[in-house]
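Everything below belongs to query_22.txt, which stores compact mmCIF, C-alpha atoms and all ligand atoms.
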```
# COMPACT_ATOMS: atom_id res chain seq x y z
CA MET G 16 -21.50 -8.92 4.61
CA GLU G 17 -22.48 -9.63 1.03
CA LYS G 18 -23.72 -6.75 -1.17
CA GLU G 19 -25.60 -6.81 -4.44
CA GLY G 20 -23.18 -6.66 -7.35
CA ASP G 21 -20.36 -8.31 -5.38
CA PRO G 22 -18.58 -11.02 -7.33
CA ARG G 23 -19.91 -14.39 -6.09
CA ARG G 24 -17.26 -16.74 -7.49
CA VAL G 25 -13.65 -15.61 -7.66
CA VAL G 26 -10.56 -17.41 -8.93
CA ILE G 27 -7.20 -16.24 -7.59
CA VAL G 28 -4.04 -17.19 -9.50
CA GLY G 29 -1.03 -16.53 -7.24
CA ALA G 30 -1.83 -17.27 -3.60
CA GLY G 31 0.82 -14.97 -2.14
CA LEU G 32 0.45 -11.85 0.01
CA ILE G 33 -1.91 -9.96 -2.30
CA GLY G 34 -3.82 -12.88 -3.83
CA THR G 35 -4.53 -14.47 -0.44
CA SER G 36 -5.47 -11.10 1.08
CA ILE G 37 -8.06 -10.57 -1.69
CA ALA G 38 -9.26 -14.15 -1.16
CA LEU G 39 -9.70 -13.61 2.59
CA ALA G 40 -11.52 -10.31 2.04
CA MET G 41 -13.89 -11.92 -0.49
CA ARG G 42 -14.48 -14.94 1.77
CA GLU G 43 -15.56 -12.49 4.50
CA ARG G 44 -18.12 -11.18 2.01
CA GLY G 45 -19.43 -14.70 1.46
CA ALA G 46 -17.86 -15.32 -1.97
CA GLU G 47 -16.70 -18.71 -3.17
CA VAL G 48 -12.94 -18.55 -3.80
CA LEU G 49 -10.84 -20.96 -5.86
CA LEU G 50 -7.08 -20.67 -5.52
CA ALA G 51 -4.18 -21.61 -7.78
CA ASP G 52 -0.42 -21.26 -7.35
CA HIS G 53 2.45 -23.08 -8.98
CA ASP G 54 4.05 -23.30 -5.52
CA GLU G 55 2.19 -26.13 -3.79
CA VAL G 56 3.34 -25.07 -0.31
CA ALA G 57 1.92 -21.56 -0.77
CA LEU G 58 -1.33 -22.98 -2.14
CA ARG G 59 -1.76 -25.42 0.76
CA LEU G 60 -1.06 -22.70 3.32
CA ALA G 61 -3.59 -20.34 1.72
CA VAL G 62 -6.23 -23.09 1.75
CA GLU G 63 -5.44 -23.95 5.38
CA ILE G 64 -5.86 -20.37 6.60
CA GLY G 65 -9.35 -20.33 5.09
CA ALA G 66 -8.72 -18.31 1.92
CA GLY G 67 -10.64 -20.76 -0.29
CA SER G 68 -10.28 -24.16 -1.90
CA ALA G 69 -7.79 -25.33 -4.51
CA LEU G 70 -8.82 -24.76 -8.12
CA PRO G 71 -9.28 -28.21 -9.71
CA GLU G 72 -6.73 -29.14 -12.41
CA ASP G 73 -9.45 -29.11 -15.07
CA GLY G 74 -10.68 -25.66 -13.99
CA PRO G 75 -13.97 -24.57 -12.39
CA ASP G 76 -17.30 -26.27 -13.31
CA GLU G 77 -18.31 -23.02 -14.95
CA PRO G 78 -16.37 -19.77 -15.46
CA ALA G 79 -16.08 -17.69 -12.27
CA ASP G 80 -17.27 -14.06 -12.18
CA ILE G 81 -13.69 -12.79 -11.93
CA ALA G 82 -10.19 -14.24 -12.03
CA VAL G 83 -7.59 -12.16 -10.17
CA LEU G 84 -4.02 -12.69 -11.39
CA ALA G 85 -1.80 -11.92 -8.40
CA VAL G 86 1.56 -13.00 -9.80
CA PRO G 87 4.84 -11.11 -10.29
CA VAL G 88 4.85 -8.42 -13.01
CA ALA G 89 6.93 -10.42 -15.50
CA ALA G 90 4.62 -13.47 -15.24
CA LEU G 91 1.43 -11.54 -15.89
CA GLY G 92 1.07 -11.69 -19.69
CA ALA G 93 1.62 -15.45 -19.89
CA THR G 94 -0.59 -16.07 -16.83
CA LEU G 95 -3.45 -14.09 -18.40
CA ARG G 96 -3.05 -15.93 -21.67
CA ALA G 97 -3.12 -19.33 -19.93
CA ALA G 98 -6.09 -18.35 -17.71
CA GLN G 99 -8.11 -17.14 -20.70
CA LYS G 100 -7.28 -20.30 -22.64
CA ARG G 101 -8.63 -22.36 -19.73
CA GLY G 102 -11.76 -20.18 -19.59
CA LEU G 103 -11.36 -19.60 -15.85
CA ALA G 104 -13.66 -16.57 -15.66
CA HIS G 105 -15.84 -14.07 -17.50
CA VAL G 106 -13.66 -11.14 -16.39
CA TYR G 107 -9.94 -10.94 -15.61
CA THR G 108 -7.95 -8.46 -13.58
CA ASP G 109 -4.46 -8.29 -12.12
CA VAL G 110 -2.75 -6.53 -9.22
CA ALA G 111 0.72 -5.91 -10.65
CA SER G 112 2.53 -2.80 -9.41
CA VAL G 113 3.25 -1.64 -13.00
CA LYS G 114 0.65 -1.36 -15.74
CA THR G 115 2.07 -0.32 -19.16
CA ARG G 116 4.57 -3.16 -19.62
CA PRO G 117 2.29 -6.07 -18.62
CA VAL G 118 -0.56 -4.74 -20.81
CA LEU G 119 1.85 -4.64 -23.79
CA ASP G 120 2.93 -8.20 -22.94
CA ALA G 121 -0.72 -9.29 -22.87
CA MET G 122 -1.36 -7.66 -26.28
CA GLU G 123 1.72 -9.26 -27.81
CA LEU G 124 0.61 -12.68 -26.52
CA GLY G 125 -2.80 -12.24 -28.17
CA CYS G 126 -4.86 -12.04 -24.94
CA ASP G 127 -8.50 -10.98 -25.15
CA LEU G 128 -8.38 -7.41 -23.82
CA ARG G 129 -12.18 -6.86 -23.72
CA GLY G 130 -12.58 -8.83 -20.54
CA PHE G 131 -9.31 -7.69 -18.95
CA VAL G 132 -9.15 -4.79 -16.49
CA PRO G 133 -5.58 -3.96 -15.44
CA GLY G 134 -5.58 -3.14 -11.71
CA HIS G 135 -3.31 -2.30 -8.80
CA PRO G 136 -4.29 -2.09 -5.14
CA LEU G 137 -2.08 0.50 -3.42
CA ALA G 138 -1.80 -1.56 -0.28
CA GLY G 139 0.74 -4.07 0.72
CA ARG G 140 3.36 -5.10 3.18
CA GLU G 141 7.09 -5.66 3.26
CA ARG G 142 6.43 -9.40 3.68
CA SER G 143 5.50 -11.91 0.98
CA GLY G 144 3.52 -15.14 0.87
CA PRO G 145 0.10 -16.22 2.15
CA ALA G 146 1.19 -16.24 5.81
CA ALA G 147 1.42 -12.43 5.70
CA ALA G 148 -2.03 -12.04 4.12
CA ARG G 149 -4.75 -10.03 5.86
CA ALA G 150 -8.43 -9.64 5.01
CA ASP G 151 -8.29 -5.95 6.03
CA LEU G 152 -5.25 -5.08 3.91
CA PHE G 153 -7.24 -2.96 1.45
CA LEU G 154 -9.56 -1.08 3.81
CA GLY G 155 -9.73 2.57 2.79
CA ARG G 156 -6.83 2.16 0.34
CA PRO G 157 -6.80 3.33 -3.27
CA TRP G 158 -7.12 0.62 -5.93
CA ALA G 159 -6.06 1.83 -9.37
CA LEU G 160 -7.97 0.54 -12.39
CA CYS G 161 -6.44 1.22 -15.81
CA PRO G 162 -8.93 0.08 -18.48
CA THR G 163 -7.55 -0.04 -22.02
CA PRO G 164 -9.62 1.32 -24.95
CA ALA G 165 -10.65 -2.30 -25.53
CA THR G 166 -11.95 -2.95 -22.00
CA ALA G 167 -15.70 -3.67 -21.89
CA PRO G 168 -17.66 -1.38 -19.51
CA GLU G 169 -19.27 -4.44 -17.79
CA ALA G 170 -15.80 -5.83 -17.06
CA LEU G 171 -14.74 -2.52 -15.52
CA GLY G 172 -17.92 -2.49 -13.41
CA ALA G 173 -17.26 -6.01 -12.13
CA VAL G 174 -13.67 -5.24 -11.09
CA ARG G 175 -14.74 -1.98 -9.49
CA ALA G 176 -17.23 -4.02 -7.41
CA LEU G 177 -14.43 -6.43 -6.43
CA ALA G 178 -12.22 -3.56 -5.23
CA ARG G 179 -15.12 -2.07 -3.23
CA ALA G 180 -15.97 -5.48 -1.77
CA CYS G 181 -12.38 -5.62 -0.48
CA GLY G 182 -12.96 -2.26 1.23
CA ALA G 183 -10.82 -0.23 -1.19
CA GLU G 184 -11.55 2.97 -3.13
CA PRO G 185 -11.33 2.34 -6.89
CA LEU G 186 -9.56 5.08 -8.85
CA ILE G 187 -9.67 4.99 -12.63
CA THR G 188 -6.56 6.20 -14.40
CA GLU G 189 -4.56 5.54 -17.52
CA ALA G 190 -1.62 3.11 -17.52
CA THR G 191 1.23 5.53 -18.31
CA GLU G 192 -0.13 8.10 -15.85
CA HIS G 193 -0.39 5.33 -13.23
CA ASP G 194 3.19 4.23 -13.83
CA ARG G 195 4.53 7.78 -13.48
CA ALA G 196 2.51 8.27 -10.30
CA VAL G 197 3.60 5.06 -8.60
CA ALA G 198 7.22 5.73 -9.59
CA LEU G 199 6.95 8.78 -7.32
CA VAL G 200 4.86 7.40 -4.46
CA SER G 201 5.95 3.76 -4.30
CA HIS G 202 8.82 2.61 -6.53
CA ALA G 203 11.42 5.37 -5.99
CA PRO G 204 10.65 5.45 -2.22
CA HIS G 205 11.49 1.74 -2.15
CA VAL G 206 14.91 2.36 -3.71
CA VAL G 207 15.61 5.32 -1.40
CA SER G 208 14.66 3.16 1.59
CA ALA G 209 16.93 0.35 0.35
CA ALA G 210 19.83 2.76 -0.21
CA MET G 211 19.56 4.03 3.36
CA ALA G 212 19.09 0.52 4.80
CA ALA G 213 22.13 -0.67 2.84
CA ARG G 214 24.28 1.76 4.89
CA LEU G 215 23.31 -0.26 7.97
CA GLY G 216 25.13 -3.26 6.53
CA GLU G 217 28.33 -1.47 7.55
CA ALA G 218 27.03 -0.16 10.89
CA ASP G 219 28.83 -1.09 14.08
CA ASP G 220 27.13 -2.39 17.23
CA VAL G 221 26.91 1.03 18.88
CA ALA G 222 25.12 2.55 15.89
CA LEU G 223 22.69 -0.37 15.73
CA ALA G 224 22.03 -0.15 19.48
CA LEU G 225 21.12 3.53 19.01
CA ALA G 226 18.68 2.87 16.15
CA GLY G 227 15.33 4.51 16.94
CA GLN G 228 11.96 4.89 15.29
CA GLY G 229 13.18 7.31 12.59
CA VAL G 230 15.51 4.84 10.92
CA ARG G 231 12.91 2.09 11.33
CA ASP G 232 10.30 4.26 9.55
CA VAL G 233 12.65 5.17 6.71
CA THR G 234 13.81 1.57 6.14
CA ARG G 235 10.63 -0.47 6.79
CA ILE G 236 9.87 -1.12 3.13
CA ALA G 237 13.50 -2.04 2.42
CA ALA G 238 12.67 -5.45 3.95
CA GLY G 239 10.60 -6.28 0.81
CA ASP G 240 11.38 -9.25 -1.46
CA PRO G 241 14.33 -8.30 -3.75
CA ASP G 242 13.11 -10.54 -6.61
CA LEU G 243 9.64 -8.98 -6.58
CA TRP G 244 11.12 -5.47 -6.53
CA THR G 245 13.70 -6.19 -9.25
CA GLY G 246 10.74 -7.12 -11.45
CA ILE G 247 8.74 -4.00 -10.49
CA LEU G 248 11.61 -1.55 -11.01
CA GLY G 249 12.74 -3.22 -14.25
CA ALA G 250 9.21 -2.85 -15.67
CA ASN G 251 8.98 0.89 -14.86
CA PRO G 252 12.56 2.07 -15.51
CA GLU G 253 12.27 5.59 -16.94
CA PRO G 254 9.72 7.08 -14.50
CA VAL G 255 11.62 5.63 -11.52
CA ALA G 256 14.98 6.88 -12.82
CA ASP G 257 13.52 10.40 -13.24
CA VAL G 258 12.49 10.54 -9.57
CA LEU G 259 15.75 9.01 -8.35
CA GLU G 260 17.78 11.59 -10.28
CA ALA G 261 15.84 14.42 -8.63
CA VAL G 262 16.35 12.85 -5.18
CA ALA G 263 20.04 12.31 -5.95
CA THR G 264 20.42 16.00 -6.81
CA ASP G 265 18.93 17.04 -3.46
CA LEU G 266 21.20 14.58 -1.65
CA ALA G 267 24.32 15.68 -3.54
CA VAL G 268 23.60 19.39 -2.91
CA THR G 269 23.00 18.68 0.78
CA ALA G 270 26.25 16.73 1.13
CA SER G 271 28.30 19.45 -0.54
CA VAL G 272 26.54 22.17 1.48
CA LEU G 273 27.39 20.33 4.69
CA ARG G 274 31.03 19.88 3.67
CA ALA G 275 31.45 23.44 2.46
CA GLY G 276 29.62 24.79 5.52
CA ALA G 277 32.06 23.06 7.83
CA ASP G 278 34.96 25.31 6.77
CA ALA G 279 33.26 28.22 4.96
CA GLY G 280 33.39 31.81 6.13
CA GLN G 281 30.34 33.68 7.46
CA ALA G 282 28.73 34.32 4.01
CA GLY G 283 29.33 30.73 2.87
CA ALA G 284 27.84 29.33 6.07
CA GLU G 285 24.68 31.43 5.63
CA ALA G 286 24.23 30.33 2.01
CA ALA G 287 24.73 26.71 3.06
CA ALA G 288 22.18 27.02 5.87
CA GLY G 289 19.71 28.53 3.38
CA LEU G 290 19.98 25.58 1.01
CA LEU G 291 19.58 23.08 3.83
CA ASP G 292 16.62 24.97 5.26
CA ASP G 293 15.02 25.02 1.81
CA LEU G 294 15.22 21.23 1.47
CA LEU G 295 13.89 20.58 4.97
CA ARG G 296 10.96 22.94 4.40
CA ARG G 297 10.17 21.39 1.01
CA GLY G 298 10.19 18.08 2.88
CA ASN G 299 7.63 19.37 5.39
CA THR G 300 5.43 20.63 2.55
CA GLY G 301 5.62 17.42 0.54
CA ARG G 302 4.91 15.21 3.54
CA ALA G 303 1.85 17.32 4.49
CA ARG G 304 0.40 16.75 1.00
CA ILE G 305 0.05 12.97 1.50
CA PRO G 306 -3.70 12.33 1.82
CA GLY G 307 -5.19 10.82 4.96
CA LYS G 308 -8.06 8.35 5.14
CA HIS G 309 -10.30 8.04 2.02
CA GLY G 310 -8.15 10.46 0.08
CA ALA G 311 -8.79 13.48 2.32
CA ARG G 312 -5.78 15.74 2.66
CA ALA G 313 -4.06 14.92 5.97
CA SER G 314 -3.76 18.63 6.65
CA SER G 315 -7.53 19.04 6.25
CA TYR G 316 -8.03 17.46 9.69
CA ALA G 317 -7.47 19.15 13.01
CA VAL G 318 -5.48 17.24 15.62
CA VAL G 319 -6.70 17.11 19.23
CA SER G 320 -3.92 15.94 21.59
CA VAL G 321 -5.04 14.23 24.78
CA VAL G 322 -2.85 13.11 27.68
CA VAL G 323 -4.01 9.58 28.54
CA PRO G 324 -3.02 7.64 31.65
CA ASP G 325 -1.64 4.16 30.94
CA ARG G 326 -4.63 2.27 32.43
CA PRO G 327 -6.70 -0.65 31.12
CA GLY G 328 -9.86 0.53 29.37
CA GLU G 329 -8.77 4.18 29.15
CA LEU G 330 -8.80 4.36 25.34
CA ALA G 331 -12.18 2.60 25.16
CA LEU G 332 -13.65 5.22 27.51
CA LEU G 333 -12.15 8.03 25.51
CA PHE G 334 -13.43 6.78 22.15
CA GLN G 335 -16.83 6.25 23.76
CA ALA G 336 -16.81 9.86 24.95
CA ALA G 337 -16.02 11.01 21.41
CA GLY G 338 -18.95 8.92 20.17
CA VAL G 339 -21.29 10.45 22.74
CA ALA G 340 -20.14 13.90 21.59
CA GLY G 341 -21.08 12.86 18.03
CA VAL G 342 -17.50 13.28 16.78
CA ASN G 343 -16.10 10.90 14.17
CA ILE G 344 -12.43 10.07 14.77
CA GLU G 345 -10.80 10.10 11.32
CA ASP G 346 -7.45 8.82 12.54
CA ALA G 347 -5.63 8.23 15.82
CA THR G 348 -2.01 7.76 16.80
CA ILE G 349 -0.53 7.29 20.21
CA GLU G 350 2.86 8.59 21.25
CA HIS G 351 4.00 6.65 24.24
CA SER G 352 7.34 6.71 26.05
CA PRO G 353 8.11 3.32 27.59
CA GLY G 354 8.27 3.61 31.38
CA LEU G 355 6.14 6.77 31.54
CA PRO G 356 2.69 6.40 33.14
CA VAL G 357 1.01 8.54 30.44
CA GLY G 358 0.91 8.77 26.65
CA VAL G 359 -0.29 11.39 24.19
CA LEU G 360 -3.20 10.37 21.98
CA GLU G 361 -3.48 12.42 18.79
CA LEU G 362 -7.00 12.37 17.38
CA SER G 363 -7.58 13.64 13.83
CA VAL G 364 -11.07 15.09 13.41
CA LYS G 365 -12.91 17.48 11.10
CA PRO G 366 -11.76 21.03 12.04
CA GLU G 367 -15.30 22.10 13.02
CA ALA G 368 -15.49 19.21 15.52
CA ALA G 369 -12.16 19.84 17.28
CA GLU G 370 -13.23 22.40 19.86
CA GLY G 371 -16.36 20.50 20.90
CA LEU G 372 -14.38 17.29 21.31
CA ALA G 373 -11.68 19.02 23.36
CA ASP G 374 -14.34 20.57 25.66
CA GLU G 375 -16.14 17.24 26.06
CA LEU G 376 -12.93 15.41 26.97
CA ARG G 377 -11.87 18.14 29.43
CA ALA G 378 -15.31 18.02 31.05
CA ARG G 379 -14.81 14.29 31.58
CA GLY G 380 -11.46 14.81 33.28
CA TRP G 381 -8.90 14.30 30.52
CA SER G 382 -6.09 16.77 30.05
CA VAL G 383 -6.30 18.39 26.59
CA PRO G 384 -3.52 20.99 26.41
CA ARG G 385 -4.58 24.26 24.69
N1 LIG E 1 3.93 -6.87 -2.04
C1 LIG E 1 3.12 -5.83 -2.06
O1 LIG E 1 3.05 -5.11 -1.07
C2 LIG E 1 2.30 -5.57 -3.28
C3 LIG E 1 2.44 -6.31 -4.44
N2 LIG E 1 1.68 -6.04 -5.53
C4 LIG E 1 1.82 -6.84 -6.75
O2 LIG E 1 1.13 -8.06 -6.47
C5 LIG E 1 1.73 -9.13 -7.21
C6 LIG E 1 2.02 -10.27 -6.25
O3 LIG E 1 2.87 -9.79 -5.23
P1 LIG E 1 2.89 -10.46 -3.77
O4 LIG E 1 1.57 -11.04 -3.46
O5 LIG E 1 3.51 -9.48 -2.88
O6 LIG E 1 3.94 -11.62 -4.05
P2 LIG E 1 4.08 -13.04 -3.33
O7 LIG E 1 5.46 -13.50 -3.63
O8 LIG E 1 3.62 -12.98 -1.93
O9 LIG E 1 3.04 -13.92 -4.16
C7 LIG E 1 3.16 -14.22 -5.51
C8 LIG E 1 2.66 -15.64 -5.70
O10 LIG E 1 2.54 -15.91 -7.09
C9 LIG E 1 2.97 -17.24 -7.33
N3 LIG E 1 3.29 -17.33 -8.74
C10 LIG E 1 4.32 -16.79 -9.39
N4 LIG E 1 4.24 -17.05 -10.71
C11 LIG E 1 3.12 -17.79 -10.88
C12 LIG E 1 2.50 -18.39 -12.01
N5 LIG E 1 3.02 -18.22 -13.21
N6 LIG E 1 1.35 -19.09 -11.80
C13 LIG E 1 0.84 -19.25 -10.56
N7 LIG E 1 1.39 -18.70 -9.45
C14 LIG E 1 2.51 -17.98 -9.63
C15 LIG E 1 4.12 -17.43 -6.38
O11 LIG E 1 4.37 -18.81 -6.14
C16 LIG E 1 3.64 -16.69 -5.14
O12 LIG E 1 2.93 -17.56 -4.26
C17 LIG E 1 2.95 -8.55 -7.89
O13 LIG E 1 2.65 -8.30 -9.25
C18 LIG E 1 3.21 -7.25 -7.14
O14 LIG E 1 3.83 -6.30 -7.99
C19 LIG E 1 0.70 -5.07 -5.52
C20 LIG E 1 0.48 -4.33 -4.38
C21 LIG E 1 1.29 -4.50 -3.20
O1 LIG E 2 4.53 -1.83 2.54
C1 LIG E 2 3.90 -0.85 2.15
O2 LIG E 2 3.50 0.02 2.93
C2 LIG E 2 3.56 -0.68 0.73
O3 LIG E 2 3.19 0.38 0.32
C3 LIG E 2 3.70 -1.87 -0.11
C4 LIG E 2 3.38 -1.80 -1.56
C5 LIG E 2 4.26 -2.44 -2.40
C6 LIG E 2 4.03 -2.49 -3.75
C7 LIG E 2 2.90 -1.91 -4.27
O4 LIG E 2 2.68 -1.99 -5.59
C8 LIG E 2 2.00 -1.27 -3.46
C9 LIG E 2 2.24 -1.23 -2.09
```

Since I need it in another form, could you write the structure as structure tokens?
Ligand SMILES: NC(=O)C1=CN([C@@H]2O[C@H](COP(=O)(O)OP(=O)(O)OC[C@H]3O[C@@H](n4cnc5c(N)ncnc54)[C@H](O)[C@@H]3O)[C@@H](O)[C@H]2O)C=CC1
Ligand SMILES: O=C(O)C(=O)Cc1ccc(O)cc1
Amino acid sequence: MEKEGDPRRVVIVGAGLIGTSIALAMRERGAEVLLADHDEVALRLAVEIGAGSALPEDGPDEPADIAVLAVPVAALGATLRAAQKRGLAHVYTDVASVKTRPVLDAMELGCDLRGFVPGHPLAGRERSGPAAARADLFLGRPWALCPTPATAPEALGAVRALARACGAEPLITEATEHDRAVALVSHAPHVVSAAMAARLGEADDVALALAGQGVRDVTRIAAGDPDLWTGILGANPEPVADVLEAVATDLAVTASVLRAGADAGQAGAEAAAGLLDDLLRRGNTGRARIPGKHGARASSYAVVSVVVPDRPGELALLFQAAGVAGVNIEDATIEHSPGLPVGVLELSVKPEAAEGLADELRARGWSVPR
């Protein structure tokens, strides 16, 4: 549904995963979308899945409200310069995973920084290209905006409206702060995931046959495009290296503790166990600090666990019951063992709503262990 202040005409340069996802989200809001990509196959595919129409060679009839540059980090400066020269839009933004380096590139190339709002949606996938695009990719996700001192307030307002129209939560920050933050929460995790996944290159058939959800979780993002990630990491080297060195220290201490513990005496074994315990507990603490939906702290929700029979319509009934009880479900996960006739549904709700929900579900016949 269209909202006042939403951009009406949007140009997307780079019809890959992120560009096409923004295009699809804006099309759902009724915007006109014009797409460009130097890869004709990607462009055609994006047009065919309904993301918009191809930007004419000679540009739009009149400048669009916003042009979104969704190209790899290293291509951003030149792409902005070319887009501004063609007069594609009144306001420009980008989605690159790093902010300081591309903004410097844009300055060096003489881009007009007043109408440029550096941006970065913190949502993505381990797949590239328009075929992987989804209109709902940005729902409830943070979208960093890093205006420079030169950025015009109207330009910032327009890009903020674009992020909201895509369902995201805009968060204004400064480029160097952004780059340090994403080194910790996105870039270094990618390298750690790749380093673990790389071990699987040497795994034998038995090990691979035993691979469960844990290793899948830890290595999911390692499936990302190596070229894209080489560009991201190369543009944010120092902050990423700082995090990797800290992780490497924890790993090196753990490895030596495990080796020493194997043949240490009683006192040595206790010291080793203490160091290991310390890391595992710091891991619990760090993981619990990752915010849940809309930036709320995950630990600020209470979890109600419900045993649900594996029957058609069961979840619909249960969510309906929560609705009748006036309880908003903030998040839900289902733990399900294949072959078992039941699963455990974990519902995250506001703490004050947990008891009422549990009582309501018990009254309707569900098992909610105390
Ligand atoms: N992959 C992810 O999960 C996320 C990526 N990003 C950032 O979004 C940007 C795009 O990444 P993806 O969409 O994942 O990549 P992608 O590979 O799916 O799409 C990039 C598209 O840009 C096109 N392209 C490259 N240079 C171009 C140029 N000079 N002119 C026109 N088109 C050009 C490519 O042909 C390709 O279709 C990158 O800067 C990345 O850092 C941001 C958030 C998440
Ligand atoms: O796959 C995921 O879950 C991601 O988090 C992807 C991602 C990749 C790069 C970004 O700059 C932001 C997000």

How close does chain G get to ligand LIG 2 (chain E)? List, as a tab-separated table, each residue of chain G within 8 Å, its nearest atom pair and the distance in Å to one decimal, counting all atoms listed in the file.
```
residue	atom	partner	partner_atom	distance
G:Val110	CA	E:LIG2	O4	8.0
G:Ala111	CA	E:LIG2	O4	6.7
G:Ser112	CA	E:LIG2	O4	3.9
G:Val113	CA	E:LIG2	O4	7.4
G:His135	CA	E:LIG2	O4	6.8
G:Pro136	CA	E:LIG2	C8	6.6
G:Leu137	CA	E:LIG2	C8	4.4
G:Ala138	CA	E:LIG2	C9	4.4
G:Gly139	CA	E:LIG2	C3	3.8
G:Arg140	CA	E:LIG2	O1	3.5
G:Glu141	CA	E:LIG2	O1	4.7
G:Arg142	CA	E:LIG2	O1	7.9
G:Val197	CA	E:LIG2	O4	7.7
G:Ser201	CA	E:LIG2	O3	6.4
G:His202	CA	E:LIG2	C6	7.5
G:Arg235	CA	E:LIG2	O1	7.6
G:Ile236	CA	E:LIG2	O1	5.4
G:Gly239	CA	E:LIG2	O1	7.7
```

Next on the checklist: as a ChimeraX atom specification, please: every protein or nucleic acid residue near ligand LIG 1 (chain E) (cut-off 9 Å, counting all atoms listed in the file).
Outcome noted: /G:28-36,51-58,84-91,93-94,109-113,135-148,236,239-240,242-244,246-247

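When CA of Gly130 in chain G is paired with CA of Ala69 in chain G, their separation reads 23.5 Å.
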
Checklist outcome for this item: CA of Asp325 in chain G to CA of Glu361 in chain G measures 14.8 Å

Can you pull out every residue within 12 Å of Ala98 in chain G, counting all atoms listed in the file, but drop anything in the same chain fewer than 3 positions away, and send it as a compact mmCIF listing (two decimals) with C-alpha atoms, in the coordinates of the input?
```txt
# COMPACT_ATOMS: atom_id res chain seq x y z
CA VAL G 26 -10.56 -17.41 -8.93
CA ILE G 27 -7.20 -16.24 -7.59
CA VAL G 28 -4.04 -17.19 -9.50
CA GLY G 29 -1.03 -16.53 -7.24
CA ALA G 51 -4.18 -21.61 -7.78
CA LEU G 70 -8.82 -24.76 -8.12
CA ASP G 73 -9.45 -29.11 -15.07
CA GLY G 74 -10.68 -25.66 -13.99
CA PRO G 75 -13.97 -24.57 -12.39
CA PRO G 78 -16.37 -19.77 -15.46
CA ALA G 79 -16.08 -17.69 -12.27
CA ILE G 81 -13.69 -12.79 -11.93
CA ALA G 82 -10.19 -14.24 -12.03
CA VAL G 83 -7.59 -12.16 -10.17
CA LEU G 84 -4.02 -12.69 -11.39
CA LEU G 91 1.43 -11.54 -15.89
CA GLY G 92 1.07 -11.69 -19.69
CA ALA G 93 1.62 -15.45 -19.89
CA THR G 94 -0.59 -16.07 -16.83
CA LEU G 95 -3.45 -14.09 -18.40
CA ARG G 101 -8.63 -22.36 -19.73
CA GLY G 102 -11.76 -20.18 -19.59
CA LEU G 103 -11.36 -19.60 -15.85
CA ALA G 104 -13.66 -16.57 -15.66
CA HIS G 105 -15.84 -14.07 -17.50
CA VAL G 106 -13.66 -11.14 -16.39
CA TYR G 107 -9.94 -10.94 -15.61
CA THR G 108 -7.95 -8.46 -13.58
CA ASP G 109 -4.46 -8.29 -12.12
CA ALA G 121 -0.72 -9.29 -22.87
CA CYS G 126 -4.86 -12.04 -24.94
CA ASP G 127 -8.50 -10.98 -25.15
CA GLY G 130 -12.58 -8.83 -20.54
CA PHE G 131 -9.31 -7.69 -18.95
```

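Atom to atom, CA of Trp158 in chain G and CA of Gly182 in chain G stand 9.7 Å apart.
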
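Remark: for Lys365 in chain G, the closest of the candidate residues G:Glu285, G:Glu350, G:Glu260, G:Glu345 is G:Glu345 (distances computed over all atoms listed in the file).
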
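Each of G:Val359, G:Ala178, G:Ala66, G:Ile305 was compared to Ser382 in chain G using all atoms listed in the file, and G:Val359 turns out to be the nearest.
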
Next on the checklist: Just checking: using all atoms listed in the file, which residue out of G:Asn299, G:Ser320, G:Gln99, G:Thr245 ends up closest to Val206 in chain G?
Outcome noted: G:Thr245

Checklist entry - Quick one: residues within 8 Å of Glu47 in chain G, only C-alpha atoms counted, chain neighbours fewer than 5 positions away excluded, as a VMD selection string? => result chain G and resid 23 to 25 41 to 42 67

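When the distance limit is 9 Å and all atoms listed in the file are what count, the residues near Ala336 in chain G, minus those fewer than 6 positions from it on the same chain, are Val342, Leu372, Glu375, Leu376 and Arg379 of chain G.
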
Restricting it to C-alpha atoms, dump the selection as a PDB file, in the coordinates of the input.
```pdb
ATOM      1  CA  VAL G 342     -17.500  13.280  16.780  1.00  0.00           C
ATOM      2  CA  LEU G 372     -14.380  17.290  21.310  1.00  0.00           C
ATOM      3  CA  GLU G 375     -16.140  17.240  26.060  1.00  0.00           C
ATOM      4  CA  LEU G 376     -12.930  15.410  26.970  1.00  0.00           C
ATOM      5  CA  ARG G 379     -14.810  14.290  31.580  1.00  0.00           C
TER       6      ARG G 379
END
```

Draw an axis-aligned box over all listed atoms of range 206-216 of chain G, pad each side with 3 Å, and write its centre and edge lengths in Å, one decimal, as lines of an AutoDock Vina configuration file.
```
center_x = 19.9
center_y = 1.0
center_z = 2.1
size_x = 16.5
size_y = 14.6
size_z = 17.7
```

Next on the checklist: For Pro164 in chain G, find every residue with an atom within 10 Å (counting all atoms listed in the file), except residues of its own chain fewer than 5 positions away, and show them as a list in words.
Outcome noted: Leu128, Arg129 and Glu189 of chain G

Item to check | Counting all atoms listed in the file, the option among G:Gln228, G:Asp151, G:Ala369, G:Ala210 closest to Ala183 in chain G | outcome: G:Asp151

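Proximity to Ala180 in chain G was assessed for G:Ala256, G:Ile37, G:Leu362, G:Leu355 counting all atoms listed in the file; the smallest distance is recorded for G:Ile37.
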
Contacts of Trp381 in chain G within 8 Å, all atoms listed in the file, excl. fewer than 5 positions in-chain, as a CSV table (one decimal) with C-alpha atoms, keeping the file's coordinate frame:
```csv
chain,number,residue,atom,x,y,z
G,321,VAL,CA,-5.0,14.2,24.8
G,322,VAL,CA,-2.8,13.1,27.7
G,323,VAL,CA,-4.0,9.6,28.5
G,376,LEU,CA,-12.9,15.4,27.0
```
